[in-house]
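Data file: structure.cif. Format and content: mmCIF, C-alpha atoms.
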```cif
data_work
loop_
_atom_site.group_PDB
_atom_site.id
_atom_site.type_symbol
_atom_site.label_atom_id
_atom_site.label_comp_id
_atom_site.auth_asym_id
_atom_site.auth_seq_id
_atom_site.Cartn_x
_atom_site.Cartn_y
_atom_site.Cartn_z
ATOM 1 C CA MET A 1 -6.972 9.864 23.284
ATOM 2 C CA PHE A 2 -6.737 7.591 20.271
ATOM 3 C CA VAL A 3 -9.321 4.831 20.220
ATOM 4 C CA PRO A 4 -8.873 2.430 17.301
ATOM 5 C CA THR A 5 -12.017 1.444 15.462
ATOM 6 C CA PRO A 6 -12.360 -2.098 14.132
ATOM 7 C CA THR A 7 -12.307 -2.550 10.393
ATOM 8 C CA ALA A 8 -13.744 -5.295 8.248
ATOM 9 C CA ARG A 9 -11.334 -8.135 7.470
ATOM 10 C CA TRP A 10 -12.027 -7.778 3.738
ATOM 11 C CA ARG A 11 -11.009 -4.103 3.870
ATOM 12 C CA SER A 12 -7.704 -5.058 5.507
ATOM 13 C CA LEU A 13 -7.107 -7.791 2.927
ATOM 14 C CA VAL A 14 -7.837 -5.488 -0.020
ATOM 15 C CA LYS A 15 -5.580 -2.796 1.465
ATOM 16 C CA ALA A 16 -2.768 -5.341 1.902
ATOM 17 C CA VAL A 17 -3.116 -6.620 -1.672
ATOM 18 C CA THR A 18 -3.257 -3.139 -3.223
ATOM 19 C CA TRP A 19 -0.249 -2.051 -1.145
ATOM 20 C CA ARG A 20 1.783 -5.081 -2.217
ATOM 21 C CA MET A 21 0.923 -4.471 -5.877
ATOM 22 C CA ILE A 22 1.976 -0.828 -5.597
ATOM 23 C CA GLY A 23 5.167 -1.861 -3.770
ATOM 24 C CA SER A 24 6.054 -4.397 -6.438
ATOM 25 C CA VAL A 25 5.578 -1.850 -9.226
ATOM 26 C CA ASP A 26 7.764 0.611 -7.298
ATOM 27 C CA THR A 27 10.527 -1.995 -6.894
ATOM 28 C CA PHE A 28 10.399 -2.890 -10.583
ATOM 29 C CA ILE A 29 10.608 0.750 -11.697
ATOM 30 C CA LEU A 30 13.492 1.557 -9.341
ATOM 31 C CA SER A 31 15.406 -1.593 -10.268
ATOM 32 C CA PHE A 32 14.907 -1.024 -13.974
ATOM 33 C CA PHE A 33 16.160 2.555 -13.907
ATOM 34 C CA ILE A 34 19.086 1.851 -11.571
ATOM 35 C CA VAL A 35 20.320 -1.096 -13.640
ATOM 36 C CA TYR A 36 19.649 0.800 -16.895
ATOM 37 C CA LEU A 37 21.578 3.870 -15.718
ATOM 38 C CA LEU A 38 24.498 1.931 -14.211
ATOM 39 C CA GLY A 39 24.809 -0.635 -16.976
ATOM 40 C CA HIS A 40 25.353 -4.373 -16.772
ATOM 41 C CA GLN A 41 28.554 -4.916 -14.752
ATOM 42 C CA GLN A 42 29.368 -8.378 -13.426
ATOM 43 C CA HIS A 43 31.648 -7.475 -10.460
ATOM 44 C CA ALA A 44 30.460 -8.416 -6.961
ATOM 45 C CA ALA A 45 31.228 -4.943 -5.612
ATOM 46 C CA THR A 46 29.161 -3.365 -8.363
ATOM 47 C CA ALA A 47 26.311 -5.789 -7.768
ATOM 48 C CA ALA A 48 26.399 -4.961 -4.041
ATOM 49 C CA LYS A 49 26.342 -1.257 -4.870
ATOM 50 C CA ILE A 50 23.354 -1.751 -7.167
ATOM 51 C CA GLY A 51 21.555 -3.827 -4.540
ATOM 52 C CA GLY A 52 22.237 -1.237 -1.828
ATOM 53 C CA THR A 53 21.054 1.571 -4.050
ATOM 54 C CA ILE A 54 17.847 -0.293 -4.837
ATOM 55 C CA ALA A 55 17.265 -1.101 -1.146
ATOM 56 C CA LEU A 56 17.818 2.511 -0.075
ATOM 57 C CA GLY A 57 15.698 3.955 -2.855
ATOM 58 C CA GLU A 58 12.971 1.401 -2.237
ATOM 59 C CA THR A 59 12.861 2.190 1.484
ATOM 60 C CA VAL A 60 12.424 5.907 0.908
ATOM 61 C CA THR A 61 9.897 5.616 -1.894
ATOM 62 C CA LYS A 62 7.838 2.914 -0.166
ATOM 63 C CA ILE A 63 7.472 5.080 2.955
ATOM 64 C CA LEU A 64 6.191 7.960 0.840
ATOM 65 C CA ILE A 65 3.952 5.764 -1.304
ATOM 66 C CA PHE A 66 2.582 3.968 1.778
ATOM 67 C CA TYR A 67 1.654 7.318 3.313
ATOM 68 C CA VAL A 68 -0.274 8.307 0.178
ATOM 69 C CA HIS A 69 -1.864 4.829 0.004
ATOM 70 C CA GLU A 70 -3.098 5.122 3.611
ATOM 71 C CA ARG A 71 -4.450 8.636 3.051
ATOM 72 C CA ILE A 72 -6.418 7.430 0.026
ATOM 73 C CA TRP A 73 -7.797 4.437 1.943
ATOM 74 C CA ASP A 74 -8.749 6.756 4.799
ATOM 75 C CA LYS A 75 -11.254 8.354 2.416
ATOM 76 C CA VAL A 76 -12.808 4.994 1.410
ATOM 77 C CA PRO A 77 -15.776 4.297 3.696
ATOM 78 C CA TRP A 78 -16.195 0.650 2.662
ATOM 79 C CA GLY A 79 -15.582 -1.780 5.550
ATOM 80 C CA ARG A 80 -14.944 0.856 8.206
ATOM 81 C CA ALA A 81 -16.788 0.351 11.474
ATOM 82 C CA ASP A 82 -17.214 4.081 12.027
ATOM 83 C CA THR A 83 -19.159 4.429 8.764
ATOM 84 C CA GLU A 84 -21.343 1.340 8.982
ATOM 85 C CA VAL A 85 -25.038 2.115 9.030
ATOM 86 C CA ALA A 86 -27.567 0.177 11.033
ATOM 87 C CA PRO A 87 -30.002 -1.858 8.955
ATOM 88 C CA LYS A 88 -33.317 -0.145 8.425
ATOM 89 C CA LYS A 89 -36.248 -1.468 10.370
ATOM 90 C CA PRO A 90 -39.042 -2.754 8.163
ATOM 91 C CA ASP A 91 -41.966 -0.388 7.693
ATOM 92 C CA LEU A 92 -44.857 -2.358 9.173
ATOM 93 C CA SER A 93 -47.428 0.212 8.071
ATOM 94 C CA GLN A 94 -47.247 -1.138 4.515
ATOM 95 C CA ILE A 95 -48.387 -4.620 5.538
#
```

Kindly present the structure from the file in C-alpha cells form.
Amino acid sequence: MFVPTPTARWRSLVKAVTWRMIGSVDTFILSFFIVYLLGHQQHAATAAKIGGTIALGETVTKILIFYVHERIWDKVPWGRADTEVAPKKPDLSQI
C-alpha cells in the first residue's frame, strides 16, 4: 500500500521552480529548431501547423524530461520527511 510521506514546502517550491525552468528551456529549443527548419512563412495554416508541431513535441519531451527530473529529485534527501533526523539530545555529562 502506498503511503505518501509529507515533504517540506521549500522542497516542493524548489522542485516547481527547477521544473518550470527546464520546461521553458525545452520549449525554447523545440520552438527554435521547428521554426528554423520550417522557415518563416506568414500563412495562417502554416502558423497553425508550426504551433501544433511545437505543442505535440513539447508534450512528449516534457513528459520524458519530467520523469527524469522526478527521478533526480527522488535521490535528493533535502526536505524529505522520511530522511529527516531527530535533533541530538544535549550531552549533559559535559556540564

Q) Nearest to Thr27 of chain A: which of A:Arg9, A:His43, A:Lys62, A:Lys49 is it, counting only C-alpha atoms? A)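 Comparing A:Arg9, A:His43, A:Lys62, A:Lys49 against Thr27 of chain A, the winner is A:Lys62.
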
Q: Could you state which residues are captured by the PyMOL selection byres ((chain A and resi 34) around 12) in this file, as a ChimeraX atom specification?
A: /A:27-33,35-40,46-47,49-58

Neighbouring residues of Ala16 of chain A were defined as those with any atom within 12 Å, considering only C-alpha atoms; residues of the same chain fewer than 6 positions away were excluded. Please report them as a short mmCIF file (atom, residue, chain, number, x, y, z; two decimals) with C-alpha atoms, in the frame of the given file.
```cif
data_model
loop_
_atom_site.label_atom_id
_atom_site.label_comp_id
_atom_site.auth_asym_id
_atom_site.auth_seq_id
_atom_site.Cartn_x
_atom_site.Cartn_y
_atom_site.Cartn_z
CA ARG A 9 -11.33 -8.14 7.47
CA TRP A 10 -12.03 -7.78 3.74
CA ILE A 22 1.98 -0.83 -5.60
CA GLY A 23 5.17 -1.86 -3.77
CA PHE A 66 2.58 3.97 1.78
CA HIS A 69 -1.86 4.83 0.00
CA GLU A 70 -3.10 5.12 3.61
CA TRP A 73 -7.80 4.44 1.94
#
```

Q. In terms of the shortest atom-to-atom distance over only C-alpha atoms, which of A:Ser93, A:Val25, A:Gly79, A:Tyr67 is closest to Ser12 of chain A?
A.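 Result for the nearest residue to Ser12 of chain A: A:Gly79.
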
(Q) Please compute the atom CA of Val76 of chain A-atom CA of Pro90 of chain A distance, one decimal, in Å. (A) 28.2 Å

Q: Rank A:Trp19, A:Ala81, A:Lys89, A:Thr7 by their smallest atom-to-atom distance to Ile63 of chain A, using only C-alpha atoms, and report the top residue only.
A: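 Under the stated criterion, the closest residue is A:Trp19.
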
Q. How many Å separate atom CA of Thr18 of chain A from atom CA of Ile65 of chain A?
A.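 Computing it gives 11.6 Å between the two atoms.
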